[in-house]
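**Student:** Below is the file target01.cif, with mmCIF, C-alpha atoms.
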data_model
loop_
_atom_site.label_atom_id
_atom_site.label_comp_id
_atom_site.auth_asym_id
_atom_site.auth_seq_id
_atom_site.Cartn_x
_atom_site.Cartn_y
_atom_site.Cartn_z
CA MET A 1 133.55 96.93 98.14
CA ILE A 2 135.42 98.30 95.12
CA ALA A 3 135.03 94.87 93.47
CA PHE A 4 131.27 95.05 93.91
CA ILE A 5 131.13 98.58 92.49
CA CYS A 6 133.18 97.44 89.49
CA ILE A 7 130.77 94.57 88.78
CA LEU A 8 127.80 96.90 89.04
CA LEU A 9 129.47 99.52 86.86
CA THR A 10 130.36 96.94 84.20
CA ILE A 11 126.78 95.66 84.09
CA ILE A 12 125.33 99.20 83.84
CA VAL A 13 127.76 100.26 81.10
CA TYR A 14 127.06 96.98 79.27
CA TYR A 15 123.29 97.48 79.34
CA LEU A 16 123.58 101.09 78.22
CA SER A 17 125.86 100.16 75.32
CA LYS A 18 123.50 97.33 74.43
CA LEU A 19 120.61 99.80 74.33
CA LEU A 20 122.66 102.13 72.14
CA TYR A 21 123.50 99.26 69.78
CA LYS A 22 119.84 98.22 69.54
CA LYS A 23 118.90 101.78 68.58
CA VAL A 24 121.59 102.43 65.96
CA ARG A 25 122.45 98.89 64.76
CA PHE A 26 125.84 100.10 63.59
CA ALA A 27 128.42 97.29 63.64
CA LEU A 28 131.28 99.44 64.96
CA LEU A 29 129.19 100.34 68.01
CA SER A 30 129.10 96.74 69.24
CA PRO A 31 128.77 96.57 73.06
CA LEU A 32 132.01 94.57 73.09
CA LEU A 33 133.85 97.58 71.68
CA VAL A 34 131.93 100.48 73.27
CA ALA A 35 131.66 99.16 76.86
CA PRO A 36 135.38 98.32 77.30
CA CYS A 37 136.30 101.76 75.88
CA ILE A 38 134.02 103.54 78.35
CA LEU A 39 135.16 101.36 81.27
CA SER A 40 138.88 101.72 80.59
CA THR A 41 138.46 105.49 80.26
CA MET A 42 136.73 105.46 83.65
CA LEU A 43 139.50 103.35 85.20
CA VAL A 44 142.14 105.74 83.93
CA GLY A 45 140.06 108.78 84.93
CA PHE A 46 139.38 107.60 88.47
CA GLN A 47 142.88 106.10 88.76
CA ILE A 48 141.62 102.61 89.54
CA ASP A 49 144.17 99.83 89.06
CA TYR A 50 143.21 97.09 86.62
CA SER A 51 143.93 94.49 89.32
CA ASP A 52 141.37 96.18 91.60
CA TYR A 53 138.85 96.29 88.76
CA ASP A 54 139.47 92.63 87.97
CA GLY A 55 138.69 91.69 91.56
CA GLY A 56 135.09 92.26 90.46
CA GLY A 57 135.53 91.67 86.74
CA ARG A 58 136.72 88.13 87.40
CA TRP A 59 133.24 87.20 88.67
CA LEU A 60 131.77 88.18 85.34
CA SER A 61 134.54 86.50 83.31
CA ASN A 62 133.93 83.32 85.30
CA LEU A 63 130.36 83.18 84.00
CA LEU A 64 131.85 82.41 80.60
CA GLN A 65 132.43 78.89 81.91
CA PRO A 66 128.77 77.97 82.52
CA ALA A 67 127.94 79.83 79.28
CA VAL A 68 130.20 77.45 77.34
CA VAL A 69 128.60 74.48 79.14
CA GLY A 70 125.24 75.97 78.11
CA PHE A 71 126.16 75.50 74.44
CA ALA A 72 125.19 71.87 75.05
CA VAL A 73 121.55 73.00 74.73
CA PRO A 74 121.60 74.24 71.10
CA LEU A 75 123.93 71.38 70.15
CA TYR A 76 121.48 68.88 71.62
CA LYS A 77 118.46 70.49 69.97
CA PHE A 78 120.04 70.43 66.52
CA ARG A 79 121.90 67.13 66.87
CA LYS A 80 120.10 65.61 63.88
CA VAL A 81 121.16 68.42 61.53
CA MET A 82 124.70 68.23 62.90
CA LYS A 83 124.84 64.48 62.34
CA LYS A 84 123.50 64.82 58.82
CA TYR A 85 126.18 67.35 57.91
CA ALA A 86 129.01 65.82 59.98
CA LYS A 87 131.31 65.40 56.98
CA ILE A 88 130.79 68.95 55.73
CA ILE A 89 131.35 70.32 59.23
CA ALA A 90 134.60 68.34 59.56
CA ILE A 91 135.89 69.56 56.18
CA SER A 92 134.99 73.21 56.80
CA MET A 93 136.52 73.20 60.28
CA THR A 94 139.75 71.55 59.12
CA ALA A 95 140.04 74.22 56.44
CA GLY A 96 139.18 77.00 58.92
CA VAL A 97 141.62 75.92 61.62
CA THR A 98 144.49 75.37 59.18
CA ILE A 99 143.92 78.76 57.55
CA ALA A 100 143.60 80.46 60.96
CA ILE A 101 147.01 79.21 62.08
CA ILE A 102 148.81 79.65 58.75
CA SER A 103 147.38 83.07 57.93
CA SER A 104 148.16 84.40 61.43
CA GLY A 105 151.76 83.28 60.92
CA LEU A 106 151.99 84.54 57.36
CA PHE A 107 150.60 88.00 58.08
CA SER A 108 152.85 88.27 61.17
CA HIS A 109 155.85 87.59 58.92
CA ILE A 110 154.65 90.20 56.44
CA VAL A 111 154.40 92.95 59.09
CA HIS A 112 157.74 91.81 60.60
CA LEU A 113 156.53 90.81 64.05
CA GLN A 114 159.09 89.01 66.18
CA ASP A 115 158.62 85.28 66.79
CA SER A 116 157.37 85.62 70.38
CA TYR A 117 154.42 87.75 69.17
CA LEU A 118 153.89 85.57 66.10
CA LEU A 119 153.61 82.45 68.27
CA SER A 120 151.20 84.21 70.61
CA LEU A 121 149.03 85.13 67.61
CA LEU A 122 148.74 81.60 66.17
CA PRO A 123 145.99 80.26 68.49
CA ARG A 124 144.03 83.57 68.58
CA SER A 125 140.82 82.33 66.94
CA ILE A 126 139.74 79.93 69.70
CA THR A 127 138.25 80.30 73.16
CA THR A 128 140.62 81.92 75.74
CA PRO A 129 141.58 79.10 78.16
CA ILE A 130 142.50 76.71 75.36
CA ALA A 131 144.18 79.43 73.30
CA MET A 132 146.38 80.23 76.32
CA ALA A 133 147.21 76.55 76.78
CA VAL A 134 148.19 76.22 73.10
CA SER A 135 150.24 79.40 73.38
CA VAL A 136 152.28 77.93 76.24
CA ASP A 137 152.66 74.69 74.31
CA ILE A 138 154.15 76.32 71.19
CA GLY A 139 156.27 78.87 73.07
CA GLY A 140 154.12 82.01 72.92
CA MET A 141 153.11 84.44 75.67
CA PRO A 142 149.74 83.33 77.09
CA THR A 143 148.72 86.78 78.38
CA MET A 144 149.31 88.35 74.97
CA THR A 145 147.36 85.48 73.42
CA ALA A 146 144.42 86.28 75.71
CA ILE A 147 144.46 89.85 74.39
CA PHE A 148 144.64 88.66 70.78
CA VAL A 149 141.70 86.33 71.40
CA ILE A 150 139.52 89.17 72.63
CA VAL A 151 140.52 91.46 69.75
CA THR A 152 139.72 88.60 67.35
CA GLY A 153 136.31 88.32 69.01
CA ILE A 154 135.57 92.01 68.52
CA THR A 155 136.85 91.92 64.93
CA GLY A 156 134.85 88.85 64.00
CA LEU A 157 131.72 90.19 65.63
CA ILE A 158 131.91 93.32 63.49
CA LEU A 159 133.20 91.82 60.21
CA GLY A 160 131.36 88.47 60.30
CA PRO A 161 127.97 89.83 59.23
CA MET A 162 129.67 91.80 56.43
CA VAL A 163 131.45 88.68 55.14
CA ILE A 164 128.11 86.85 55.19
CA ARG A 165 126.44 89.65 53.25
CA TYR A 166 129.13 90.22 50.61
CA LEU A 167 129.74 86.53 49.94
CA HIS A 168 125.98 85.86 49.82
CA ILE A 169 126.23 83.07 52.38
CA LYS A 170 122.67 81.77 52.56
CA GLU A 171 122.94 78.44 54.38
CA LYS A 172 122.36 78.69 58.12
CA LEU A 173 125.00 76.05 58.78
CA ALA A 174 127.64 77.96 56.79
CA LYS A 175 126.81 81.23 58.58
CA GLY A 176 127.16 79.60 62.01
CA LEU A 177 130.38 77.75 61.18
CA LEU A 178 132.00 80.91 59.83
CA LEU A 179 131.10 82.92 62.92
CA GLY A 180 132.08 80.26 65.46
CA MET A 181 135.32 79.46 63.62
CA GLY A 182 136.27 83.08 63.00
CA ALA A 183 135.40 84.59 66.36
CA HIS A 184 134.86 81.83 68.98
CA GLY A 185 132.29 82.74 71.69
CA ALA A 186 131.82 86.31 70.52
CA GLY A 187 131.00 85.04 67.02
CA THR A 188 128.67 82.47 68.53
CA SER A 189 126.71 85.17 70.36
CA LYS A 190 126.35 86.95 66.99
CA ALA A 191 125.21 83.70 65.36
CA LEU A 192 122.50 83.36 68.03
CA GLU A 193 121.21 86.78 66.88
CA PHE A 194 120.76 85.29 63.39
CA GLY A 195 118.82 82.31 64.77
CA SER A 196 119.06 79.23 66.96
CA GLU A 197 120.23 76.93 64.15
CA GLU A 198 123.07 79.32 63.27
CA GLY A 199 123.83 79.50 67.00
CA ALA A 200 124.05 75.72 67.28
CA ALA A 201 126.39 75.53 64.27
CA ALA A 202 128.57 78.28 65.76
CA SER A 203 128.71 76.54 69.16
CA LEU A 204 129.87 73.38 67.46
CA ALA A 205 132.40 75.32 65.38
CA MET A 206 133.77 76.97 68.51
CA VAL A 207 134.25 73.66 70.31
CA LEU A 208 135.74 71.90 67.26
CA ALA A 209 138.04 74.84 66.46
CA ALA A 210 139.46 74.61 69.99
CA ILE A 211 140.02 70.85 69.79
CA PHE A 212 141.45 70.95 66.24
CA THR A 213 143.80 73.83 67.10
CA LEU A 214 145.07 71.89 70.09
CA VAL A 215 146.16 69.17 67.67
CA PHE A 216 147.15 71.20 64.58
CA ALA A 217 149.00 74.15 66.14
CA PRO A 218 152.02 72.21 67.43
CA LEU A 219 152.25 70.39 64.06
CA LEU A 220 152.06 73.55 61.94
CA THR A 221 154.27 75.77 64.11
CA PRO A 222 157.65 74.44 62.84
CA LEU A 223 156.50 75.04 59.24
CA ILE A 224 155.51 78.64 60.02
CA LEU A 225 158.82 79.38 61.74
CA LEU A 226 160.84 78.17 58.71
CA MET B 1 110.09 86.44 89.84
CA LEU B 2 109.72 82.67 89.50
CA LYS B 3 111.47 82.82 86.13
CA CYS B 4 114.32 84.79 87.67
CA PHE B 5 114.70 82.16 90.39
CA ARG B 6 114.71 79.34 87.81
CA ILE B 7 117.39 81.11 85.77
CA ILE B 8 119.62 81.45 88.83
CA THR B 9 119.14 77.78 89.77
CA GLN B 10 119.90 76.61 86.23
CA VAL B 11 122.96 78.84 85.92
CA THR B 12 124.18 77.29 89.17
CA TYR B 13 123.68 73.80 87.69
CA LEU B 14 125.69 74.76 84.61
CA TYR B 15 128.38 76.27 86.80
CA LEU B 16 128.61 73.03 88.79
CA PHE B 17 129.13 71.08 85.56
CA ALA B 18 131.90 73.50 84.57
CA LEU B 19 133.53 73.00 87.99
CA LEU B 20 133.20 69.23 87.61
CA GLY B 21 134.91 69.62 84.21
CA ASN B 22 137.71 71.61 85.83
CA VAL B 23 138.24 68.89 88.45
CA LEU B 24 138.34 66.17 85.77
CA VAL B 25 140.81 68.18 83.68
CA LYS B 26 143.10 68.49 86.68
CA TRP B 27 142.84 64.84 87.72
CA LEU B 28 143.20 63.33 84.28
CA HIS B 29 145.62 65.97 82.95
CA LEU B 30 143.39 66.60 79.94
CA PRO B 31 144.58 69.21 77.45
CA VAL B 32 141.14 70.89 77.03
CA SER B 33 139.35 73.33 79.32
CA GLY B 34 136.95 72.30 82.05
CA SER B 35 133.99 74.09 80.49
CA ILE B 36 134.28 72.07 77.27
CA ILE B 37 134.36 68.84 79.32
CA GLY B 38 131.31 70.19 81.18
CA LEU B 39 129.59 70.78 77.84
CA PHE B 40 130.16 67.17 76.79
CA ILE B 41 128.93 65.89 80.18
CA VAL B 42 125.69 67.88 79.85
CA LEU B 43 125.32 66.76 76.24
CA ALA B 44 125.71 63.11 77.31
CA LEU B 45 123.25 63.52 80.19
CA LEU B 46 120.70 65.10 77.83
CA HIS B 47 121.26 62.32 75.29
CA PHE B 48 120.74 59.55 77.84
CA LYS B 49 117.72 61.40 79.27
CA VAL B 50 119.29 61.66 82.72
CA LEU B 51 118.88 65.42 82.47
CA LYS B 52 115.75 67.03 81.07
CA LEU B 53 116.21 69.81 78.53
CA SER B 54 113.87 72.02 80.58
CA ALA B 55 116.24 71.71 83.58
CA VAL B 56 118.96 73.76 81.87
CA GLU B 57 117.36 75.43 78.84
CA LEU B 58 116.34 78.68 80.51
CA GLY B 59 119.69 79.23 82.24
CA ALA B 60 121.69 78.36 79.13
CA GLY B 61 119.57 80.73 77.05
CA PHE B 62 120.14 83.55 79.53
CA LEU B 63 123.91 83.03 79.66
CA MET B 64 124.21 82.82 75.88
CA SER B 65 122.16 85.94 75.24
CA GLU B 66 124.24 87.99 77.72
CA MET B 67 127.56 86.41 76.77
CA LEU B 68 129.19 89.62 75.57
CA LEU B 69 129.03 90.94 79.15
CA PHE B 70 131.38 88.16 80.27
CA PHE B 71 133.97 89.17 77.68
CA ILE B 72 134.08 92.81 78.76
CA PRO B 73 136.48 92.49 81.75
CA SER B 74 139.04 90.67 79.57
CA ALA B 75 138.67 93.38 76.92
CA VAL B 76 139.31 96.05 79.56
CA ALA B 77 142.51 94.12 80.44
CA ILE B 78 144.06 95.51 77.25
CA ILE B 79 144.92 98.74 79.10
CA GLN B 80 147.54 96.78 81.04
CA TYR B 81 149.53 96.35 77.84
CA LYS B 82 150.00 99.99 76.97
CA ASN B 83 153.65 99.62 75.94
CA GLU B 84 153.11 96.63 73.65
CA ILE B 85 150.09 98.30 72.06
CA LEU B 86 151.92 101.59 71.49
CA GLN B 87 154.85 99.72 69.97
CA HIS B 88 153.14 97.02 67.91
CA GLY B 89 149.41 97.82 68.07
CA SER B 90 148.94 98.53 64.37
CA GLN B 91 150.85 95.37 63.41
CA PHE B 92 148.69 93.27 65.75
CA LEU B 93 145.55 94.82 64.36
CA ILE B 94 146.56 94.23 60.72
CA VAL B 95 147.37 90.56 61.39
CA ILE B 96 144.17 89.94 63.36
CA LEU B 97 141.93 91.80 60.90
CA LEU B 98 143.29 90.17 57.75
CA SER B 99 143.57 86.72 59.28
CA THR B 100 140.06 86.81 60.77
CA ILE B 101 138.54 87.90 57.44
CA THR B 102 140.47 85.17 55.60
CA VAL B 103 139.37 82.50 58.07
CA MET B 104 135.72 83.52 57.85
CA ILE B 105 135.75 83.69 54.04
CA VAL B 106 137.39 80.26 53.69
CA THR B 107 135.21 78.55 56.32
CA GLY B 108 132.01 80.12 54.96
CA LEU B 109 132.74 79.32 51.33
CA VAL B 110 133.94 75.75 51.97
CA ALA B 111 130.79 75.07 54.00
CA GLN B 112 128.45 76.77 51.51
CA ILE B 113 129.94 75.00 48.47
CA SER B 114 129.92 71.56 50.12
CA ILE B 115 126.33 71.99 51.32
CA ARG B 116 125.19 72.91 47.79
CA ARG B 117 127.13 70.06 46.26
CA LEU B 118 125.46 67.64 48.68
CA ALA B 119 122.05 69.11 47.88
CA ASN B 120 122.68 68.73 44.11
CA LYS B 121 123.77 65.12 44.49
CA LYS B 122 120.66 64.30 46.45
CA GLY B 123 118.57 66.15 43.88
CA GLU B 124 120.02 64.08 41.05
CA ILE B 125 119.34 60.84 42.86
CA GLY B 126 115.80 62.07 43.39
CA LYS B 127 115.35 62.56 39.66
#
Turn this file's structure into structure tokens for me.
**Tutor:**
Amino acid sequence: MIAFICILLTIIVYYLSKLLYKKVRFALLSPLLVAPCILSTMLVGFQIDYSDYDGGGRWLSNLLQPAVVGFAVPLYKFRKVMKKYAKIIAISMTAGVTIAIISSGLFSHIVHLQDSYLLSLLPRSITTPIAMAVSVDIGGMPTMTAIFVIVTGITGLILGPMVIRYLHIKEKLAKGLLLGMGAHGAGTSKALEFGSEEGAAASLAMVLAAIFTLVFAPLLTPLILL
Amino acid sequence: MLKCFRIITQVTYLYLFALLGNVLVKWLHLPVSGSIIGLFIVLALLHFKVLKLSAVELGAGFLMSEMLLFFIPSAVAIIQYKNEILQHGSQFLIVILLSTITVMIVTGLVAQISIRRLANKKGEIGK
């Protein structure tokens, strides 16, 4: 019963925050930031355990799986564009993945984070299940990685459009790649707001980022720990 | 009403492909997630015309447009890590913010510059 109420509550809060965002269009009021704030305040206020909440929340999280499968649709529709720019996509993604891993490590060193947190931060820019798998592989803490992934998603969702504006990124492909590489599924949902071609590029970026990180992270980790 | 029913059916299809992906990942000990395998299966089925685009398009569109909803429970999970956040929260935030901006700038610029270079090359050949 409580699980059902939690699902319903999450959906209601989500729709209300979406309405708010549509009205004000202010990046910091993204539903992905507002709704979790409201919900966690409610959980604390009503003294509901997270594990009880997640009994319902899990059903919603699980829908992320068919959503990822659904990315096949934009990828299929824009397959010709993707094929035409295959080389550019490969170069951009290699650069993005390498920078994601190295910069996470470098900035962690700069702020003096201990190695266990540093390692959990390295795979943070890819989709959760694979990020957690990479985290285990390189010796991080998968649950912390899951948190870093979601914070990356929120950050990218808010900052992505600003980066696009200030750098005058005009090409649809570049916009999509940047969003999908920088902020996995959350960035991809933003890219879909720009248009379906940007969405397709972001879906591809998300999938490639995950696969590339799987390969690159274990190779780059020893270098970062030096 | 009919549209609603079609969305539910198509979401179920997509879910089944994700589950199939999960099973394959377990059997074959693949290092990727089941949903990405599911994505490639659907892509292949669309390519070989086994599956019609119209059979999944509506459901996929619905899931993608409401995707932020599916991230919310995992974002709420942050409250479980009160101690870590109190201790290291600002450090985490600095790393994630700076690294995410760097990644997006590099990816965006590399892509933009290579696309323009390609366009120029083609333009020259055209002349």
**Student:** I'd like a table as a Markdown table: residues in chain B with an atom no more than 7 Å from chain A, each row giving the shortest atom pair and its distance in Å to one decimal, all atoms listed in the file counted, sorted by chain and rising residue number.
**Tutor:**
| residue | atom | partner | partner_atom | distance |
| --- | --- | --- | --- | --- |
| B:Val11 | CA | A:Pro66 | CA | 6.8 |
| B:Leu14 | CA | A:Pro66 | CA | 4.9 |
| B:Tyr15 | CA | A:Pro66 | CA | 4.6 |
| B:Ala18 | CA | A:Pro66 | CA | 5.8 |
| B:Val32 | CA | A:Ile130 | CA | 6.2 |
| B:Ser33 | CA | A:Ile130 | CA | 6.1 |
| B:Ser35 | CA | A:Gln65 | CA | 5.2 |
| B:Ile36 | CA | A:Val69 | CA | 6.4 |
| B:Gly38 | CA | A:Val69 | CA | 5.5 |
| B:Leu39 | CA | A:Val69 | CA | 4.0 |
| B:Val42 | CA | A:Ala72 | CA | 6.3 |
| B:Leu43 | CA | A:Ala72 | CA | 5.2 |
| B:Glu57 | CA | A:Val73 | CA | 6.4 |
| B:Ala60 | CA | A:Gly70 | CA | 4.4 |
| B:Leu63 | CA | A:Ala67 | CA | 5.2 |
| B:Met64 | CA | A:Ala67 | CA | 5.9 |
| B:Ser65 | CA | A:Ser189 | CA | 6.7 |
| B:Met67 | CA | A:Ser189 | CA | 6.6 |
| B:Leu68 | CA | A:Leu32 | CA | 6.2 |
| B:Leu69 | CA | A:Tyr14 | CA | 6.4 |
| B:Phe70 | CA | A:Ser61 | CA | 4.7 |
| B:Phe71 | CA | A:Ser61 | CA | 6.3 |
| B:Ile72 | CA | A:Pro36 | CA | 5.8 |
| B:Pro73 | CA | A:Gly57 | CA | 5.1 |
| B:Ala75 | CA | A:Pro36 | CA | 5.9 |
| B:Val76 | CA | A:Pro36 | CA | 5.1 |
| B:Ala77 | CA | A:Tyr50 | CA | 6.9 |
| B:Ile78 | CA | A:Ile147 | CA | 6.4 |
| B:Ile79 | CA | A:Ser40 | CA | 6.9 |
| B:Gln91 | CA | A:Val111 | CA | 6.1 |
| B:Val95 | CA | A:Phe107 | CA | 5.3 |
| B:Ile96 | CA | A:Thr152 | CA | 6.1 |
| B:Leu97 | CA | A:Thr155 | CA | 6.5 |
| B:Ser99 | CA | A:Ser103 | CA | 5.4 |
| B:Thr100 | CA | A:Gly182 | CA | 5.8 |
| B:Val103 | CA | A:Ala100 | CA | 5.5 |
| B:Met104 | CA | A:Leu178 | CA | 5.0 |
| B:Ile105 | CA | A:Val163 | CA | 6.7 |
| B:Val106 | CA | A:Gly96 | CA | 6.4 |
| B:Thr107 | CA | A:Gly96 | CA | 5.0 |
| B:Gly108 | CA | A:Leu178 | CA | 4.9 |
| B:Val110 | CA | A:Ser92 | CA | 5.6 |
| B:Ala111 | CA | A:Ala174 | CA | 5.1 |
| B:Gln112 | CA | A:Ala174 | CA | 5.5 |
| B:Ser114 | CA | A:Ile88 | CA | 6.2 |
| B:Ile115 | CA | A:Ile88 | CA | 7.0 |
**Student:** Would you save the residues of that selection, restricted to C-alpha atoms, as a PDB file, in the coordinates of the input?
**Tutor:**
ATOM      1  CA  VAL B  11     122.960  78.840  85.920  1.00  0.00           C
ATOM      2  CA  LEU B  14     125.690  74.760  84.610  1.00  0.00           C
ATOM      3  CA  TYR B  15     128.380  76.270  86.800  1.00  0.00           C
ATOM      4  CA  ALA B  18     131.900  73.500  84.570  1.00  0.00           C
ATOM      5  CA  VAL B  32     141.140  70.890  77.030  1.00  0.00           C
ATOM      6  CA  SER B  33     139.350  73.330  79.320  1.00  0.00           C
ATOM      7  CA  SER B  35     133.990  74.090  80.490  1.00  0.00           C
ATOM      8  CA  ILE B  36     134.280  72.070  77.270  1.00  0.00           C
ATOM      9  CA  GLY B  38     131.310  70.190  81.180  1.00  0.00           C
ATOM     10  CA  LEU B  39     129.590  70.780  77.840  1.00  0.00           C
ATOM     11  CA  VAL B  42     125.690  67.880  79.850  1.00  0.00           C
ATOM     12  CA  LEU B  43     125.320  66.760  76.240  1.00  0.00           C
ATOM     13  CA  GLU B  57     117.360  75.430  78.840  1.00  0.00           C
ATOM     14  CA  ALA B  60     121.690  78.360  79.130  1.00  0.00           C
ATOM     15  CA  LEU B  63     123.910  83.030  79.660  1.00  0.00           C
ATOM     16  CA  MET B  64     124.210  82.820  75.880  1.00  0.00           C
ATOM     17  CA  SER B  65     122.160  85.940  75.240  1.00  0.00           C
ATOM     18  CA  MET B  67     127.560  86.410  76.770  1.00  0.00           C
ATOM     19  CA  LEU B  68     129.190  89.620  75.570  1.00  0.00           C
ATOM     20  CA  LEU B  69     129.030  90.940  79.150  1.00  0.00           C
ATOM     21  CA  PHE B  70     131.380  88.160  80.270  1.00  0.00           C
ATOM     22  CA  PHE B  71     133.970  89.170  77.680  1.00  0.00           C
ATOM     23  CA  ILE B  72     134.080  92.810  78.760  1.00  0.00           C
ATOM     24  CA  PRO B  73     136.480  92.490  81.750  1.00  0.00           C
ATOM     25  CA  ALA B  75     138.670  93.380  76.920  1.00  0.00           C
ATOM     26  CA  VAL B  76     139.310  96.050  79.560  1.00  0.00           C
ATOM     27  CA  ALA B  77     142.510  94.120  80.440  1.00  0.00           C
ATOM     28  CA  ILE B  78     144.060  95.510  77.250  1.00  0.00           C
ATOM     29  CA  ILE B  79     144.920  98.740  79.100  1.00  0.00           C
ATOM     30  CA  GLN B  91     150.850  95.370  63.410  1.00  0.00           C
ATOM     31  CA  VAL B  95     147.370  90.560  61.390  1.00  0.00           C
ATOM     32  CA  ILE B  96     144.170  89.940  63.360  1.00  0.00           C
ATOM     33  CA  LEU B  97     141.930  91.800  60.900  1.00  0.00           C
ATOM     34  CA  SER B  99     143.570  86.720  59.280  1.00  0.00           C
ATOM     35  CA  THR B 100     140.060  86.810  60.770  1.00  0.00           C
ATOM     36  CA  VAL B 103     139.370  82.500  58.070  1.00  0.00           C
ATOM     37  CA  MET B 104     135.720  83.520  57.850  1.00  0.00           C
ATOM     38  CA  ILE B 105     135.750  83.690  54.040  1.00  0.00           C
ATOM     39  CA  VAL B 106     137.390  80.260  53.690  1.00  0.00           C
ATOM     40  CA  THR B 107     135.210  78.550  56.320  1.00  0.00           C
ATOM     41  CA  GLY B 108     132.010  80.120  54.960  1.00  0.00           C
ATOM     42  CA  VAL B 110     133.940  75.750  51.970  1.00  0.00           C
ATOM     43  CA  ALA B 111     130.790  75.070  54.000  1.00  0.00           C
ATOM     44  CA  GLN B 112     128.450  76.770  51.510  1.00  0.00           C
ATOM     45  CA  SER B 114     129.920  71.560  50.120  1.00  0.00           C
ATOM     46  CA  ILE B 115     126.330  71.990  51.320  1.00  0.00           C
TER      47      ILE B 115
END
**Student:** In Å, with one decimal, what is the gap from atom CA of Leu19 of chain A to atom CA of Lys82 of chain B?
**Tutor:**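 Result for atom CA of Leu19 of chain A versus atom CA of Lys82 of chain B: 29.5 Å, one decimal.
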**Student:** Would you work out the distance separating atom CA of Gly55 of chain A from atom CA of Ile8 of chain B, expressed in Å to one decimal?
**Tutor:**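 For atom CA of Gly55 of chain A relative to atom CA of Ile8 of chain B, the distance reads 21.8 Å.
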**Student:** Just give me the gap between atom CA of Ile224 of chain A and atom CA of Leu86 of chain B in Å, one decimal is fine.
**Tutor:**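 Straight-line distance from atom CA of Ile224 of chain A to atom CA of Leu86 of chain B works out to 25.9 Å.
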**Student:** List the spatial neighbours of Asn22 of chain B as a ChimeraX atom specification - criterion: any atom at most 6 Å away, all atoms listed in the file, same-chain residues fewer than 3 positions off excluded.
**Tutor:** /B:19,25,34
**Student:** Evaluate the PyMOL selection byres ((chain A and resi 138-141) around 6) against this structure - the residues, as a CSV table (one decimal) with C-alpha atoms, in the coordinates of the input, please.
**Tutor:**
chain,number,residue,atom,x,y,z
A,116,SER,CA,157.4,85.6,70.4
A,119,LEU,CA,153.6,82.4,68.3
A,120,SER,CA,151.2,84.2,70.6
A,135,SER,CA,150.2,79.4,73.4
A,136,VAL,CA,152.3,77.9,76.2
A,137,ASP,CA,152.7,74.7,74.3
A,142,PRO,CA,149.7,83.3,77.1
A,143,THR,CA,148.7,86.8,78.4
A,144,MET,CA,149.3,88.4,75.0
A,218,PRO,CA,152.0,72.2,67.4
